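All remarks here apply to the structure that follows.
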Amino acid sequence: MPQRCLHTSIFKLCEVLTEANVAVNWEGEPSQVTTARVGSPESRPLGIPSATVAAVSPTDELAVVEGCEYVFLVDCGGTLASVSLAGGAPRDLAAHVSYADWSPDSKQLVIVVNSPNAARLEYPPGRVLYEQNSGWLGHPRFSPDGTMIAFENHPIDSDDGSIDVVDLKGKRAVVTQGWLSIEGLAWHPDGKEIWFAATMNTAGWADAIHAVTLSGKERTVLTVPWVRLHDIARDGRVLLSRENWRTQLTGMFPGDTAEHLYSWLDDTVPTALSNDGRWLSFNEAGEIYYLEGDRLAYYRRTDGSAAVSLGAGQSVISPDGKWILMYGRKPELLLQPVGAGEPRELMNPGMSIFDSGAWSDDCRHIAYEALTPEKDWNVYTQTIDGGAPVLVKAKGRNTEPTLSPDGTIVALHEEGGGISLYRAGSSPPTAVKGVVASEYPVRFVDGGRALLVADTSSKVIVLTVVDLASGHRQLWKRLFLSVHRQGRPIAVTPDLKYYAYHSPRYSSDLYLVENLR
């Protein structure tokens, strides 16, 4: 019998084969660790608030991650701690940990540390087995004999990628690759196969449980849509969940008297509004993701008119509503006219992937993050009249670049927290007074004299106007979301009259499956 909750995080089966330890959010409440007896619909909280389960050792020691540093969708990193299932308070072990697993002898943990500019697999904590500059690593799992660690390798900030293995000396091998969505893995108890939830080209989310040997021989174990694999018990029973992921767009546009839904497909995320609030650009990345192996870009009027599809990538409409900045996973940076006309390609020497695009209000400048041949994410500005990209910040990722009205200043979220202003030339950046570490820039307002910022550290997104001269703060709006999200959550006009934001709606059903072969 499945258990239903608003969304589930990480599940691990106890070795006694009668309990499942679960981190859940019930009806939007903070995540908590619970234990459930197999065969019973009831669960019991373990008194560990705001935490997710990373792993359970053979000696019934829980590894939990406290807090929520965004990784992907509902996966959170934070402070790694250990606590006995018998009771007691968690003991903190390491900071900024995304995933972990116990070694088979229960003596040590392998951990993943994901940051905007690096992803590391460490065993024991502090000793790097594998590291890369971009993307993220997920769900490390020890082989039954403890000699190898399997993990998900996501080279960019999505869930597509490969299944890799590494031995305890740091020798890495790719076992299987080319998957559009990978959602959890576990070793089969005999150690001969790695099982994982994934899809190759038939859906936007993992739609089957697959098995692969270390030599790369693959087979399909179970076909089931929207699946996540969490664990396999010693007797072969499988813990998996059936996911339901949706993102709605809510907006306030010219002529509206109240907010209303304005979604297009199943994962509508706004990117920009024209300054008069009459044009909206947005992306879709749900079930249709598999069609192009990328998001799909759209724009539409805010009067209820149908959306216009621009194909694969992301779209950001200009403040005057005349141009669309288009980019994605191809080495192209395009300006697409709204309506009839030919696109223009902008100069982008050596860059392979683009993200987080933004316009200045004078419609002459753009800013964006780009992946270099060295696999570093950098922040650039560029004029749309054919000028070359100008480096603003090296090794800048998840910065949410935001341009001043005249394009001469770029506001960036810093990896260590806070927001800094970067000006043209070589002058050092200046920290914005009055902002807190967890806030991201949204847009310049009041003619460039103030900055709208968003605190995304919880499910209540707090939007505040900060005066750049004095640091004075003025609350503008709160958005109540069911799931924690990172970055810029809203598109808004400079007068703060019209806006659009996305609100995730996630739920999971948990299953214990027998007799899979």
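FYI, nothing fancy with the structure tokens labels: chains A, B, ... in order, residues from 1 per chain, ligands from 1 as they appear.
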Taking 3 positions as the minimum chain separation for residues in the same chain, which residues sit within 9 Å of Glu259 of chain A when counting only C-alpha atoms? Answer as number ranges by chain.
A: 250-253, 256, 500
Taking only C-alpha atoms into account, which of A:Lys497, A:Arg237, A:Arg120, A:Arg300 comes nearest Gly255 of chain A?
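So, comparing all the options, the nearest one is A:Lys497.
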Counting only C-alpha atoms, which of A:Gly407, A:His154, A:Leu229, A:Glu69 gets nearest to Ser438 of chain A?
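For Ser438 of chain A, the nearest of the candidates is A:Glu69.
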Can you list, as a list in words, every protein, DNA or RNA residue that comes within 10 Å of Thr202 of chain A when you count only C-alpha atoms, leaving out same-chain residues fewer than 6 positions away?
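Surrounding residues, per the criterion: Leu180, Glu287, Ile288, Tyr289, Tyr290 and Leu291 of chain A.
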With C-alpha atoms retained, export the selected residues as a compact mmCIF listing (two decimals), in the first residue's frame.
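In the end it all went to selection10.txt:
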```txt
# COMPACT_ATOMS: atom_id res chain seq x y z
CA LEU A 180 17.73 12.55 -20.02
CA GLU A 287 7.07 16.08 -19.71
CA ILE A 288 8.07 17.76 -22.98
CA TYR A 289 11.74 17.95 -21.94
CA TYR A 290 12.56 14.76 -23.83
CA LEU A 291 11.44 16.22 -27.17
```
So which residues touch Ala469 of chain A within 10 Å, counting only C-alpha atoms, skipping near sequence neighbours fewer than 3 positions away, as a compact mmCIF listing (two decimals) with all heavy atoms, in the first residue's frame?
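The new file part.txt reads:
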```txt
# COMPACT_ATOMS: atom_id res chain seq x y z
N VAL A 432 26.14 45.36 -1.52
CA VAL A 432 24.91 46.12 -1.33
C VAL A 432 24.59 46.17 0.16
O VAL A 432 24.47 45.12 0.81
CB VAL A 432 23.75 45.49 -2.12
CG1 VAL A 432 22.45 46.25 -1.85
CG2 VAL A 432 24.06 45.49 -3.61
N LYS A 433 24.45 47.35 0.68
CA LYS A 433 24.10 47.51 2.09
C LYS A 433 22.65 47.09 2.32
O LYS A 433 21.78 47.32 1.49
CB LYS A 433 24.29 48.97 2.52
CG LYS A 433 25.71 49.46 2.49
CD LYS A 433 25.82 50.86 3.05
CE LYS A 433 25.13 51.87 2.17
NZ LYS A 433 25.34 53.26 2.66
N GLY A 434 22.41 46.47 3.46
CA GLY A 434 21.04 46.19 3.86
C GLY A 434 20.48 44.87 3.39
O GLY A 434 19.33 44.55 3.69
N ARG A 449 17.82 53.44 -8.43
CA ARG A 449 18.27 53.85 -7.09
C ARG A 449 18.01 52.81 -6.02
O ARG A 449 18.50 52.91 -4.89
CB ARG A 449 17.61 55.18 -6.69
CG ARG A 449 18.06 56.36 -7.52
CD ARG A 449 17.39 57.64 -7.07
NE ARG A 449 15.97 57.64 -7.39
CZ ARG A 449 15.47 58.08 -8.54
NH1 ARG A 449 16.29 58.51 -9.50
NH2 ARG A 449 14.18 58.06 -8.77
N ALA A 450 17.23 51.79 -6.36
CA ALA A 450 16.91 50.73 -5.40
C ALA A 450 16.93 49.39 -6.11
O ALA A 450 16.90 49.30 -7.34
CB ALA A 450 15.56 50.99 -4.74
N VAL A 466 15.38 47.43 -1.50
CA VAL A 466 16.51 47.93 -0.72
C VAL A 466 17.05 49.19 -1.40
O VAL A 466 17.44 49.15 -2.59
CB VAL A 466 17.62 46.87 -0.61
CG1 VAL A 466 18.81 47.43 0.18
CG2 VAL A 466 17.09 45.61 0.05
N HIS A 472 18.20 51.11 3.37
CA HIS A 472 16.86 51.01 3.96
C HIS A 472 16.05 49.94 3.25
O HIS A 472 16.07 49.83 2.02
CB HIS A 472 16.14 52.35 3.86
CG HIS A 472 14.72 52.30 4.32
ND1 HIS A 472 14.37 52.22 5.65
CD2 HIS A 472 13.55 52.32 3.61
CE1 HIS A 472 13.06 52.18 5.76
NE2 HIS A 472 12.52 52.24 4.54
```
Residues of segment 110-198 of chain A in strand (DSSP E or B) according to DSSP, as a ChimeraX atom specification?
/A:110-115,118-122,128-132,136-142,148-154,161-167,172-179,181-187,193-198
Separation of atom CA of Thr147 of chain A and atom CA of Leu129 of chain A, in Å?
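Between atom CA of Thr147 of chain A and atom CA of Leu129 of chain A the gap is 12.9 Å.
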Env of Ser263 of chain A: 9 Å cut, atoms = only C-alpha atoms, seq-sep filter 4 positions within chain, self excluded. Answer as a PyMOL selection string.
chain A and resi 247-250+267-269+502
Write out as a tab-separated table (two decimals) with C-alpha atoms, in the first residue's frame which residues come within 8 Å of segment 173-176 of chain A when counting only C-alpha atoms, dropping same-chain ones fewer than 6 positions away.
```tsv
chain	number	residue	atom	x	y	z
A	162	SER	CA	25.43	9.34	-16.44
A	163	ILE	CA	25.96	6.62	-13.85
A	164	ASP	CA	29.60	6.60	-12.75
A	165	VAL	CA	31.62	4.43	-10.38
A	166	VAL	CA	34.82	5.23	-8.51
A	212	VAL	CA	23.50	-2.09	-15.64
A	213	THR	CA	26.57	-4.22	-15.00
A	214	LEU	CA	30.01	-2.71	-14.48
A	215	SER	CA	30.84	-3.76	-18.04
A	216	GLY	CA	27.93	-1.65	-19.34
```
Hey, what's within 6 Å of Ala367 of chain A if we count only C-alpha atoms and toss same-chain stuff fewer than 6 positions away? As a PDB file with all heavy atoms, in the first residue's frame, please?
```
ATOM      1  N   GLY A 357      19.796  34.663 -18.367  1.00  0.00           N
ATOM      2  CA  GLY A 357      19.857  35.878 -19.163  1.00  0.00           C
ATOM      3  C   GLY A 357      18.987  36.992 -18.608  1.00  0.00           C
ATOM      4  O   GLY A 357      17.953  36.754 -17.967  1.00  0.00           O
ATOM      5  N   ALA A 358      19.408  38.244 -18.855  1.00  0.00           N
ATOM      6  CA  ALA A 358      18.655  39.418 -18.379  1.00  0.00           C
ATOM      7  C   ALA A 358      18.936  40.592 -19.304  1.00  0.00           C
ATOM      8  O   ALA A 358      19.990  40.667 -19.951  1.00  0.00           O
ATOM      9  CB  ALA A 358      19.055  39.764 -16.951  1.00  0.00           C
ATOM     10  N   TYR A 380      28.870  37.405 -17.877  1.00  0.00           N
ATOM     11  CA  TYR A 380      29.245  38.359 -18.918  1.00  0.00           C
ATOM     12  C   TYR A 380      28.127  39.390 -19.117  1.00  0.00           C
ATOM     13  O   TYR A 380      26.952  39.123 -18.837  1.00  0.00           O
ATOM     14  CB  TYR A 380      29.475  37.652 -20.259  1.00  0.00           C
ATOM     15  CG  TYR A 380      30.575  36.620 -20.253  1.00  0.00           C
ATOM     16  CD1 TYR A 380      30.303  35.293 -19.928  1.00  0.00           C
ATOM     17  CD2 TYR A 380      31.879  36.965 -20.589  1.00  0.00           C
ATOM     18  CE1 TYR A 380      31.311  34.330 -19.935  1.00  0.00           C
ATOM     19  CE2 TYR A 380      32.887  36.012 -20.601  1.00  0.00           C
ATOM     20  CZ  TYR A 380      32.602  34.703 -20.267  1.00  0.00           C
ATOM     21  OH  TYR A 380      33.592  33.751 -20.274  1.00  0.00           O
ATOM     22  N   THR A 381      28.530  40.552 -19.650  1.00  0.00           N
ATOM     23  CA  THR A 381      27.581  41.497 -20.233  1.00  0.00           C
ATOM     24  C   THR A 381      27.932  41.655 -21.708  1.00  0.00           C
ATOM     25  O   THR A 381      29.040  41.341 -22.147  1.00  0.00           O
ATOM     26  CB  THR A 381      27.621  42.871 -19.546  1.00  0.00           C
ATOM     27  OG1 THR A 381      28.943  43.417 -19.657  1.00  0.00           O
ATOM     28  CG2 THR A 381      27.229  42.763 -18.086  1.00  0.00           C
TER      29      THR A 381
END
```
Go through A:Gln32, A:Asn117, A:Thr408, A:Ser158 and flag the residue nearest Phe72 of chain A, using only C-alpha atoms for the distances.
A:Ser158
Atom-to-atom span, atom CA of Gly204 of chain A and atom CA of Pro401 of chain A, Å:
27.9 Å
